[in-house]
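Student: Contents of run-v5.txt (compact mmCIF, C-alpha atoms) are below:
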```
# COMPACT_ATOMS: atom_id res chain seq x y z
CA MET A 20 91.51 86.10 85.44
CA TRP A 21 87.89 86.89 86.33
CA LEU A 22 88.72 89.60 88.90
CA LEU A 23 91.11 91.40 86.57
CA ASP A 24 88.63 90.95 83.72
CA LYS A 25 85.86 92.52 85.83
CA PHE A 26 87.97 95.60 86.62
CA LEU A 27 89.17 96.15 83.04
CA ARG A 28 85.71 95.78 81.49
CA LYS A 29 84.53 98.57 83.76
CA ALA A 30 87.62 100.74 83.39
CA ILE A 31 88.55 100.71 79.69
CA VAL A 32 86.12 102.93 77.78
CA GLN A 33 88.54 104.61 75.36
CA GLY A 34 90.98 102.94 72.97
CA GLN A 35 91.64 99.24 73.28
CA LEU A 36 93.65 96.88 75.49
CA VAL A 37 94.25 93.27 74.47
CA ILE A 38 95.52 90.74 77.02
CA THR A 39 96.78 87.29 76.12
CA ASP A 40 96.67 85.09 79.22
CA TYR A 41 99.35 82.48 79.99
CA ASP A 42 97.14 79.76 78.45
CA GLY A 43 96.84 81.65 75.15
CA LYS A 44 93.28 82.91 75.67
CA GLU A 45 92.77 86.47 74.45
CA TYR A 46 90.71 89.16 76.19
CA THR A 47 89.80 92.48 74.55
CA TYR A 48 88.74 95.64 76.40
CA GLY A 49 87.50 98.96 75.07
CA PRO A 50 85.83 100.07 71.83
CA GLY A 51 89.08 100.52 69.87
CA GLY A 52 89.27 102.96 66.98
CA THR A 53 91.98 105.12 68.55
CA ASP A 54 95.72 104.65 68.41
CA TYR A 55 97.59 105.32 71.63
CA PRO A 56 98.93 107.70 72.76
CA PRO A 57 96.70 110.09 70.75
CA GLU A 58 98.49 113.28 71.82
CA GLU A 59 101.75 112.02 70.31
CA GLY A 60 100.29 111.04 66.95
CA GLY A 61 99.62 107.53 68.20
CA LYS A 62 101.28 104.16 67.88
CA PRO A 63 99.41 101.72 65.63
CA GLY A 64 96.82 99.36 66.99
CA PRO A 65 95.67 98.52 70.55
CA VAL A 66 97.94 98.20 73.57
CA ARG A 67 98.79 94.50 73.81
CA ILE A 68 100.18 92.66 76.81
CA ARG A 69 100.97 89.02 77.55
CA LEU A 70 100.73 87.32 80.92
CA THR A 71 103.41 84.63 81.05
CA ASN A 72 102.64 83.11 84.46
CA LYS A 73 99.37 81.57 85.63
CA LYS A 74 99.60 83.55 88.88
CA ALA A 75 99.95 86.91 87.10
CA ALA A 76 96.28 87.89 86.68
CA LYS A 77 95.37 87.15 90.28
CA HIS A 78 98.51 88.88 91.57
CA ILE A 79 97.66 92.03 89.61
CA ALA A 80 93.94 92.03 90.44
CA ARG A 81 94.34 91.58 94.20
CA TYR A 82 96.40 94.74 94.52
CA PRO A 83 96.92 96.52 91.15
CA GLN A 84 99.64 98.94 92.27
CA MET A 85 101.83 96.25 93.85
CA GLY A 86 100.87 93.35 91.60
CA ALA A 87 101.34 95.10 88.27
CA GLY A 88 104.75 96.42 89.27
CA GLU A 89 106.01 93.07 90.45
CA ALA A 90 104.53 91.23 87.46
CA PHE A 91 106.41 93.57 85.12
CA MET A 92 109.63 93.26 87.14
CA TRP A 93 109.42 89.46 87.10
CA GLU A 94 108.43 89.34 83.40
CA TRP A 95 105.05 87.83 84.27
CA LEU A 96 103.65 90.80 82.33
CA VAL A 97 105.15 91.68 78.95
CA VAL A 98 104.08 94.70 76.87
CA GLU A 99 104.29 93.97 73.16
CA GLU A 100 105.82 96.41 70.69
CA PRO A 101 105.32 99.07 69.50
CA HIS A 102 104.05 99.98 72.98
CA ASP A 103 105.96 99.85 76.25
CA ILE A 104 105.21 99.82 79.98
CA ARG A 105 104.80 103.61 80.04
CA ASP A 106 102.12 103.40 77.34
CA MET A 107 100.32 100.66 79.24
CA ILE A 108 100.35 102.50 82.57
CA LEU A 109 99.23 105.83 81.09
CA PHE A 110 96.57 104.10 78.98
CA VAL A 111 95.02 102.22 81.90
CA THR A 112 95.14 105.16 84.32
CA MET A 113 93.79 107.57 81.69
CA ASN A 114 90.74 105.29 81.51
CA ALA A 115 90.54 104.42 85.19
CA LYS A 116 90.81 107.97 86.55
CA ARG A 117 87.06 108.48 86.09
CA LEU A 118 86.59 105.66 88.62
CA GLY A 119 88.85 107.43 91.12
CA GLU A 120 92.21 106.43 92.58
CA ARG A 121 90.56 103.88 94.88
CA SER A 122 89.95 101.66 91.85
CA LEU A 123 93.71 101.00 91.73
CA GLN A 124 94.09 100.33 95.45
CA ALA A 125 93.84 97.20 97.56
CA LYS A 126 90.60 95.22 97.21
CA GLY A 127 88.53 94.65 100.32
CA PRO A 128 88.09 96.83 103.45
CA LEU A 129 90.36 94.74 105.67
CA ARG A 130 93.20 94.82 103.15
CA THR A 131 92.80 98.60 102.76
CA VAL A 132 92.93 99.12 106.54
CA ALA A 133 95.98 96.88 106.76
CA GLN A 134 97.78 98.80 104.01
CA LYS A 135 97.09 102.13 105.74
CA ALA A 136 98.35 100.76 109.06
CA ILE A 137 101.52 99.35 107.51
CA ALA A 138 102.12 102.60 105.62
CA ALA A 139 101.77 104.60 108.85
CA LEU A 140 104.31 102.41 110.62
CA ASP A 141 106.65 102.67 107.65
CA GLY A 142 106.50 106.47 107.98
CA ILE A 143 108.24 106.40 111.36
CA ASN A 144 111.62 107.89 110.41
CA LEU A 145 113.83 107.92 113.47
CA ARG A 146 117.42 108.98 112.87
CA GLY A 147 118.69 105.47 112.15
CA SER A 148 115.85 104.43 109.87
CA ALA A 149 115.81 107.82 108.11
CA ARG A 150 119.44 107.38 107.07
CA LYS A 151 118.86 103.76 106.03
CA ASN A 152 115.84 104.80 103.93
CA ALA A 153 117.79 107.60 102.26
CA GLU A 154 120.65 105.28 101.42
CA HIS A 155 118.22 102.75 99.93
CA HIS A 156 117.33 105.18 97.15
CA TYR A 157 119.92 107.92 96.94
CA ASP A 158 123.05 105.82 97.43
CA LEU A 159 122.48 103.88 94.24
CA THR A 160 125.50 104.35 92.00
CA ARG A 161 126.12 107.93 91.02
CA GLU A 162 126.46 106.72 87.44
CA LEU A 163 122.80 105.63 87.41
CA TYR A 164 121.53 109.14 88.08
CA GLU A 165 123.95 110.59 85.55
CA ARG A 166 122.22 108.49 82.89
CA PHE A 167 118.78 110.09 83.21
CA LEU A 168 119.05 113.39 85.13
CA ASP A 169 120.19 116.75 83.77
CA GLU A 170 123.82 117.82 84.01
CA ASP A 171 123.27 119.34 87.47
CA ARG A 172 121.65 116.13 88.80
CA GLN A 173 118.43 117.88 89.82
CA TYR A 174 116.29 114.99 91.08
CA THR A 175 113.08 116.98 91.56
CA MET A 176 110.47 118.56 89.31
CA ALA A 177 111.69 120.75 86.46
CA TYR A 178 109.78 123.94 85.66
CA TYR A 179 108.34 124.10 82.14
CA ARG A 180 107.28 127.60 81.17
CA GLU A 181 105.96 126.53 77.74
CA ASP A 182 102.71 124.62 77.28
CA ASP A 183 104.65 122.40 74.89
CA PRO A 184 107.45 120.83 76.98
CA SER A 185 109.32 119.73 73.85
CA LYS A 186 110.30 123.37 73.30
CA THR A 187 112.40 123.38 76.50
CA SER A 188 115.35 121.13 77.29
CA LEU A 189 115.38 119.34 80.63
CA GLU A 190 118.55 121.27 81.48
CA GLN A 191 116.87 124.65 80.90
CA ALA A 192 113.71 123.60 82.72
CA GLN A 193 115.79 122.64 85.76
CA MET A 194 117.61 125.97 85.67
CA ASP A 195 114.23 127.70 85.53
CA LYS A 196 113.08 125.62 88.52
CA LYS A 197 116.02 126.85 90.59
CA ALA A 198 115.24 130.45 89.59
CA HIS A 199 111.57 129.99 90.49
CA ILE A 200 112.33 128.70 93.98
CA ALA A 201 115.11 131.22 94.67
CA SER A 202 112.83 134.12 93.69
CA LYS A 203 110.59 133.26 96.65
CA MET A 204 113.43 133.30 99.18
CA ARG A 205 114.20 137.05 99.11
CA ILE A 206 117.95 136.44 99.38
CA GLU A 207 120.50 139.21 99.84
CA PRO A 208 124.30 138.92 99.46
CA GLY A 209 126.09 137.88 102.63
CA MET A 210 123.22 135.87 104.06
CA LYS A 211 123.59 132.38 105.50
CA VAL A 212 121.33 129.73 103.94
CA LEU A 213 120.48 126.20 105.08
CA ASP A 214 119.62 123.68 102.34
CA ILE A 215 117.95 120.64 103.95
CA GLY A 216 118.13 117.57 101.74
CA CYS A 217 120.68 119.15 99.42
CA GLY A 218 120.91 116.24 96.97
CA TRP A 219 123.97 116.49 94.75
CA GLY A 220 124.53 120.12 95.71
CA GLY A 221 123.31 121.87 92.60
CA PHE A 222 120.89 124.27 94.26
CA ALA A 223 123.29 125.21 97.07
CA LEU A 224 126.00 126.00 94.53
CA TYR A 225 123.47 127.93 92.42
CA LEU A 226 122.46 130.13 95.37
CA HIS A 227 126.08 130.95 96.14
CA GLU A 228 126.81 131.80 92.51
CA MET A 229 123.74 133.99 92.08
CA TYR A 230 123.76 135.79 95.45
CA ASP A 231 127.23 135.45 97.00
CA VAL A 232 125.83 133.79 100.10
CA GLU A 233 127.15 131.14 102.45
CA VAL A 234 125.27 127.86 102.19
CA VAL A 235 125.20 124.81 104.44
CA GLY A 236 123.76 121.72 102.79
CA VAL A 237 122.82 118.55 104.70
CA ALA A 238 121.67 115.13 103.49
CA LEU A 239 121.75 111.50 104.63
CA ALA A 240 123.17 109.70 101.59
CA PRO A 241 126.98 109.39 101.81
CA ASP A 242 127.60 109.37 98.05
CA GLN A 243 125.53 112.52 97.59
CA ILE A 244 127.51 114.41 100.21
CA GLU A 245 130.79 113.16 98.78
CA CYS A 246 129.70 114.40 95.36
CA CYS A 247 128.65 117.76 96.83
CA LYS A 248 132.05 118.26 98.44
CA GLU A 249 133.82 117.30 95.22
CA ARG A 250 131.82 119.86 93.28
CA ALA A 251 132.42 122.65 95.80
CA LYS A 252 136.15 121.94 95.83
CA GLU A 253 136.34 121.82 92.05
CA LEU A 254 134.70 125.26 91.92
CA GLY A 255 136.92 126.61 94.69
CA VAL A 256 134.00 127.54 96.94
CA GLU A 257 134.31 124.89 99.66
CA ASP A 258 134.80 127.65 102.26
CA LYS A 259 131.47 129.26 101.28
CA VAL A 260 129.34 126.22 100.36
CA GLN A 261 129.74 123.47 102.92
CA PHE A 262 128.08 120.08 103.02
CA ALA A 263 127.58 117.61 105.84
CA LEU A 264 126.31 114.05 106.16
CA MET A 265 123.80 114.98 108.82
CA ASP A 266 120.19 114.60 109.86
CA TYR A 267 118.46 118.00 109.74
CA ARG A 268 117.42 117.42 113.36
CA ASP A 269 121.09 117.69 114.37
CA VAL A 270 121.73 121.04 112.65
CA GLU A 271 122.54 123.89 115.00
CA GLY A 272 123.05 127.61 114.55
CA GLU A 273 121.01 130.42 113.03
CA PHE A 274 120.16 131.05 109.38
CA ASP A 275 118.72 133.91 107.34
CA ARG A 276 117.03 131.54 104.92
CA ILE A 277 116.06 127.87 104.89
CA VAL A 278 115.10 125.84 101.85
CA SER A 279 114.12 122.23 101.34
CA VAL A 280 113.53 120.74 97.90
CA GLY A 281 112.14 117.22 97.75
CA LEU A 282 112.74 116.68 101.46
CA LEU A 283 109.34 116.64 103.16
CA GLU A 284 108.34 113.50 101.25
CA HIS A 285 110.91 111.65 103.38
CA VAL A 286 110.17 113.20 106.78
CA GLY A 287 107.06 111.20 107.65
CA THR A 288 103.81 112.69 108.95
CA MET A 289 104.47 111.88 112.59
CA HIS A 290 107.71 113.88 112.34
CA TYR A 291 106.17 117.04 110.84
CA PRO A 292 105.85 118.71 114.28
CA GLN A 293 109.55 118.07 114.90
CA PHE A 294 110.49 119.38 111.44
CA PHE A 295 108.56 122.63 111.81
CA GLU A 296 109.61 123.14 115.43
CA HIS A 297 113.32 122.63 114.68
CA THR A 298 113.41 124.75 111.51
CA HIS A 299 111.52 127.50 113.35
CA ARG A 300 114.27 127.48 115.97
CA LEU A 301 117.01 127.65 113.30
CA LEU A 302 115.57 130.60 111.36
CA LYS A 303 116.20 134.22 112.30
CA PRO A 304 113.14 136.31 113.33
CA ASP A 305 113.00 138.11 109.95
CA GLY A 306 113.90 135.01 107.94
CA VAL A 307 112.11 133.13 105.16
CA MET A 308 111.74 129.39 104.62
CA VAL A 309 110.64 127.88 101.31
CA SER A 310 109.66 124.27 100.88
CA HIS A 311 109.20 122.49 97.55
CA CYS A 312 107.75 118.98 97.71
CA CYS A 313 105.49 116.53 95.94
CA GLY A 314 101.94 116.79 97.23
CA ARG A 315 98.38 115.58 97.08
CA ALA A 316 95.78 117.90 95.61
CA GLY A 317 93.18 116.15 97.74
CA PRO A 318 92.98 114.94 101.34
CA PRO A 319 95.67 112.95 103.20
CA GLY A 320 96.31 109.42 101.98
CA TYR A 321 99.00 106.77 102.22
CA THR A 322 101.92 105.52 100.14
CA ASP A 323 101.22 102.46 98.01
CA ALA A 324 102.96 99.23 98.98
CA TRP A 325 105.06 98.84 95.81
CA THR A 326 106.64 102.29 96.19
CA ARG A 327 107.32 101.74 99.89
CA LYS A 328 108.90 98.35 99.25
CA TYR A 329 111.01 99.03 96.19
CA ILE A 330 111.58 102.77 95.81
CA PHE A 331 110.99 105.05 98.81
CA PRO A 332 110.78 103.18 102.12
CA GLY A 333 109.49 105.55 104.75
CA GLY A 334 108.25 108.00 102.12
CA TYR A 335 104.92 109.82 102.11
CA ILE A 336 103.55 112.56 99.85
CA PRO A 337 101.67 115.10 101.99
CA ALA A 338 98.40 116.92 101.49
CA LEU A 339 98.55 120.70 101.82
CA SER A 340 96.31 120.52 104.89
CA GLU A 341 98.93 118.44 106.70
CA LEU A 342 101.72 120.91 105.97
CA VAL A 343 99.77 124.03 106.88
CA THR A 344 98.21 122.61 110.05
CA GLU A 345 101.49 121.40 111.51
CA SER A 346 103.43 124.53 110.56
CA GLU A 347 100.84 126.79 112.21
CA LYS A 348 101.10 124.83 115.45
CA ASN A 349 104.80 125.68 115.60
CA GLY A 350 104.62 129.42 115.04
CA TRP A 351 104.93 129.61 111.25
CA GLN A 352 102.84 131.92 109.06
CA VAL A 353 102.20 130.78 105.49
CA MET A 354 102.67 133.69 103.09
CA ASP A 355 102.52 132.01 99.70
CA VAL A 356 101.38 128.67 98.27
CA GLU A 357 101.71 127.51 94.67
CA ALA A 358 100.39 124.27 93.22
CA MET A 359 102.66 123.13 90.39
CA ARG A 360 100.54 121.06 88.00
CA PHE A 361 101.87 118.73 85.29
CA HIS A 362 105.48 119.99 85.48
CA TYR A 363 106.59 116.76 87.11
CA SER A 364 104.82 114.59 84.54
CA HIS A 365 106.88 116.27 81.81
CA THR A 366 110.03 115.83 83.89
CA LEU A 367 109.37 112.15 84.51
CA GLU A 368 108.66 111.54 80.85
CA GLU A 369 112.09 112.92 79.98
CA TRP A 370 113.74 110.84 82.72
CA TYR A 371 111.97 107.75 81.36
CA ASN A 372 113.16 108.43 77.82
CA ARG A 373 116.73 108.95 78.97
CA THR A 374 116.59 105.74 81.01
CA VAL A 375 115.46 103.80 77.94
CA MET A 376 118.27 105.39 75.96
CA HIS A 377 120.82 104.03 78.46
CA ARG A 378 119.26 100.61 78.97
CA ALA A 379 122.38 98.58 78.23
CA GLU A 380 124.51 100.61 80.64
CA ILE A 381 121.95 100.44 83.45
CA GLU A 382 121.49 96.69 83.05
CA ALA A 383 125.28 96.31 83.16
CA MET A 384 125.38 98.28 86.44
CA TYR A 385 122.56 96.22 88.00
CA ASP A 386 120.46 93.70 86.04
CA GLU A 387 117.39 93.46 83.82
CA GLN A 388 114.98 93.25 86.75
CA PHE A 389 116.33 96.49 88.24
CA TYR A 390 115.97 98.19 84.86
CA ARG A 391 112.34 97.09 84.59
CA MET A 392 111.71 98.21 88.18
CA TRP A 393 113.12 101.64 87.39
CA LEU A 394 110.98 101.99 84.27
CA PHE A 395 107.85 101.07 86.23
CA TYR A 396 108.76 103.55 88.95
CA LEU A 397 109.23 106.45 86.51
CA ALA A 398 106.13 105.63 84.45
CA GLY A 399 104.01 105.04 87.54
CA ALA A 400 105.13 108.34 89.04
CA GLU A 401 104.39 110.13 85.77
CA GLN A 402 100.82 108.86 85.68
CA SER A 403 100.27 110.13 89.23
CA PHE A 404 101.06 113.66 88.10
CA ARG A 405 99.42 113.34 84.67
CA ASN A 406 96.27 111.29 85.33
CA GLY A 407 96.15 111.27 89.12
CA THR A 408 95.92 113.99 91.76
CA MET A 409 99.59 114.58 92.54
CA VAL A 410 101.07 118.07 92.28
CA ASN A 411 104.10 119.87 93.66
CA TRP A 412 103.63 122.30 96.51
CA GLN A 413 105.83 125.35 96.93
CA VAL A 414 105.13 126.94 100.30
CA GLN A 415 106.71 130.09 101.72
CA TYR A 416 106.86 130.35 105.51
CA VAL A 417 107.83 133.29 107.74
CA LYS A 418 107.86 134.17 111.41
CA ASP A 419 107.12 137.84 110.75
CA ARG A 420 104.82 138.98 107.93
CA ALA A 421 107.01 142.02 107.35
CA ALA A 422 109.74 139.69 106.01
CA VAL A 423 108.24 139.72 102.49
CA PRO A 424 106.62 142.40 100.29
CA MET A 425 102.85 142.80 100.14
CA THR A 426 102.50 141.63 96.53
CA ARG A 427 104.04 138.83 94.46
CA GLU A 428 105.61 141.07 91.79
CA TYR A 429 109.01 140.65 93.42
CA MET A 430 108.91 136.93 92.64
CA LEU A 431 108.18 137.48 88.96
CA GLU A 432 110.86 140.14 88.61
CA GLU A 433 113.53 138.14 90.42
CA SER A 434 112.69 134.94 88.60
CA ALA A 435 113.04 136.71 85.24
CA ARG A 436 116.39 138.21 86.29
CA LEU A 437 117.73 134.83 87.41
CA ARG A 438 116.48 133.06 84.28
CA GLU A 439 118.29 135.50 82.06
CA LYS A 440 121.46 135.13 84.11
CA GLY A 441 121.18 131.34 84.13
CA LYS A 442 120.13 130.74 80.54
CA VAL A 443 121.53 127.48 79.16
CA PRO A 444 123.12 127.90 75.70
CA SER A 445 121.24 125.80 73.15
CA TRP A 446 124.46 124.54 71.58
CA ARG A 447 125.31 122.60 74.73
CA PHE A 448 122.60 120.12 73.71
CA ASP A 449 122.73 120.55 69.93
CA PRO A 450 126.33 121.01 68.70
CA GLY A 451 124.98 121.77 65.25
CA LEU A 452 123.56 125.06 66.51
CA LYS A 453 126.97 126.14 67.78
CA GLU A 454 128.56 125.35 64.42
CA ALA A 455 125.85 127.29 62.61
CA ALA A 456 126.30 130.28 64.91
CA GLU A 457 130.04 130.29 64.31
```
Could you spell out this file's structure in structure tokens?

Tutor:
Amino acid sequence: MWLLDKFLRKAIVQGQLVITDYDGKEYTYGPGGTDYPPEEGGKPGPVRIRLTNKKAAKHIARYPQMGAGEAFMWEWLVVEEPHDIRDMILFVTMNAKRLGERSLQAKGPLRTVAQKAIAALDGINLRGSARKNAEHHYDLTRELYERFLDEDRQYTMAYYREDDPSKTSLEQAQMDKKAHIASKMRIEPGMKVLDIGCGWGGFALYLHEMYDVEVVGVALAPDQIECCKERAKELGVEDKVQFALMDYRDVEGEFDRIVSVGLLEHVGTMHYPQFFEHTHRLLKPDGVMVSHCCGRAGPPGYTDAWTRKYIFPGGYIPALSELVTESEKNGWQVMDVEAMRFHYSHTLEEWYNRTVMHRAEIEAMYDEQFYRMWLFYLAGAEQSFRNGTMVNWQVQYVKDRAAVPMTREYMLEESARLREKGKVPSWRFDPGLKEAAE
């Protein structure tokens, strides 16, 4: 317990954390006096956790990001009510962020070097491993994602235009996200668009509906592509919006516009030259490519071991410098960059709450350990965007600078037009409002 005790005594300077070790001994950290979380009115008392296995403290202290996740999954670490694992993670990282992200990483220089080396090897995404990695995460049962995503199954950051996210439904925020990205693409009716990493098809179908364009969507998870095709057929647009189970490196042809949303996190740094070279070949000379991805607001780093092992094998969240440097080498010109701060933390909070709401169903689909793993994943990701240095990058690339206007007003105007056209009726999420209106 001494190593964990040493870290927590240094880290916890606000609020209070109480740990009961497996032998019943109690450890208290922080000055207390503040309920947590304070911004939500607070839950009474300190955050209390119990360690139920004598190996738990050492397992957590040796590598906090891996050890804490596994301890929670295995029920070696139990958060006592009224708090939950999200409260614990946000509480600890809120305190620890003044120490820097390295405080939560592997202890010891050799272990750090080893983790970086392993992470680099894990980022080698050849065609076979890329598909296997995609299936690991995205081919979980479709019903799982239906339990916590919005109706359109948008599995990337929603766009919250209000400072108070509670004023906007997840459904509306996801519609606004699609409008925000589309406004940067400068699409005209009749164009041909490539959607790389098309997910469950929502954005491809949105672009066709809003602009009357042909869209080709590609992804590596079989169930996602099957769902995409079902949706296109149901809407009667399968001749205009086509989907293929295909690696983007195998796409051929020429496109007016290319978009990727949540794709670059799965490409791997060593494959960035190939990504930018191939997409450059696919885009017409006067075309526009827009990429939306999770990103680091600081320098390049590496993916923590728990996330690589349990959630996103082969995944890596890039720094802006990595994206810009590699794109420039392959003939791209960057015309616009936007750092999206905190939007994903609000999105992940809503996904977490919806997951908790459907606990019984998710445990029936999988088991209790999977449910706890999923909670830790969502809460851990939220803290990265709330208390850490993660953002979302939206980058606009062109071959020819004349492809886009000189100023950004066109984005604001088009986004407003699309938002009005794609406004989600409030009564879809509160039937009482519909009754009152009638």

Student: Do a neighbour search on Gly86 of chain A at 12 Å with all atoms listed in the file, toss out local chain neighbours closer than 3 positions, and write the hits as a PyMOL selection string.

Tutor: chain A and resi 23+74-83+89-96+123-126+323-326+395

Student: List the neighbours of Ile244 of chain A out to 8 Å using all atoms listed in the file; skip same-chain residues closer than 2 positions along the sequence, and give me the result as a ChimeraX atom specification.

Tutor: /A:218-220,237-242,246-248,262-264

Student: Please put the answer as lines of an AutoDock Vina configuration file: centre and edge lengths, in Å with one decimal, of a box along x, y and z that encloses all listed atoms of segment 396-409 of chain A plus 4 Å on each side.

Tutor:
```
center_x = 102.6
center_y = 109.1
center_z = 88.5
size_x = 21.3
size_y = 19.0
size_z = 16.1
```

Student: What separation in Å, quoted to one decimal, exists between atom CA of Thr408 of chain A and atom CA of Pro337 of chain A?

Tutor: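 Computing the Euclidean distance for atom CA of Thr408 of chain A and atom CA of Pro337 of chain A yields 11.8 Å.
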
Student: Counting all atoms listed in the file, which residue out of A:Lys116, A:Lys44, A:Arg69, A:Arg436 sits closest to Ile31 of chain A?

Tutor: A:Lys116

Student: Atom CA of Arg327 of chain A and atom CA of Val98 of chain A, how far apart in Å?

Tutor: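 Rounded to one decimal, the two atoms are 24.3 Å apart.
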
Student: Record the distance separating atom CA of Lys259 of chain A and atom CA of Asp231 of chain A, expressed in Å with one decimal.

Tutor: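 It comes out at 8.6 Å.
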
Student: Could you make a table, as CSV, of the residues of segment 278-387 of chain A that have an atom within 8 Å of an atom of segment 169-175 of chain A, each with its nearest atom pair and distance in Å to one decimal, counting all atoms listed in the file, in chain and number order?

Tutor:
```
residue,atom,partner,partner_atom,distance
A:Val280,CA,A:Thr175,CA,7.4
A:Gly281,CA,A:Thr175,CA,6.3
A:Tyr363,CA,A:Thr175,CA,7.9
```

Student: Quick one: residues within 12 Å of His297 of chain A, all atoms listed in the file counted, chain neighbours fewer than 4 positions away excluded, as a list in words?

Tutor: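 These residues fall inside the cut-off: Ile215, Asp266, Tyr267, Arg268, Asp269, Val270, Glu271, Gly272, Glu273, Ile277, His290, Tyr291, Pro292, Gln293, Leu301, Leu302, Ser346, Asn349, Gly350 and Trp351 of chain A.
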
Student: Restricting the calculation to all atoms listed in the file: of A:Tyr429, A:Gly399, A:Leu159, A:Lys418, which residue gets closest to Tyr385 of chain A?

Tutor: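 Result for the nearest residue to Tyr385 of chain A: A:Leu159.
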
Student: Smallest atom-to-atom distance to Thr53 of chain A: which of A:Leu70, A:Ala198, A:Val32, A:Val232, using only C-alpha atoms?

Tutor: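 Using only C-alpha atoms, Thr53 of chain A sits closest to A:Val32.
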
Student: Ranking A:Glu284, A:Glu357, A:Asp40, A:Glu369 by minimum distance to Trp412 of chain A and counting all atoms listed in the file, which one comes first?

Tutor: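 Counting all atoms listed in the file, the residue closest to Trp412 of chain A is A:Glu357.
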
Student: Show me, as a list in words, the residues that have an atom within 9 Å of Gln33 of chain A when counting all atoms listed in the file, minus same-chain residues fewer than 3 positions from it.

Tutor: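 After dropping sequence-adjacent residues, the list is Ala30, Gly49, Pro50, Gly51, Gly52, Thr53, Phe110, Met113 and Asn114 of chain A.
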
Student: Take the point (104.4, 111.9, 93.4) in the file's coordinates, draw a sphere of radius 12 Å around it, and report as a ChimeraX atom specification every protein, DNA or RNA residue with an atom inside or on it, counting only C-alpha atoms.

Tutor: /A:175-176,281,283-285,312-316,321-323,326,330-331,334-338,359-364,366-367,396-412

Student: Quick one: of A:Lys211, A:Arg276, A:Lys442, A:Arg28, who's nearest to Thr187 of chain A, counting all atoms listed in the file?

Tutor: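 Among the listed residues, the smallest separation from Thr187 of chain A belongs to A:Lys442.
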
Student: Measuring between all atoms listed in the file, which one of A:His299, A:Arg161, A:Arg166, A:Lys196 shows the shortest distance to Glu380 of chain A?

Tutor: A:Arg166
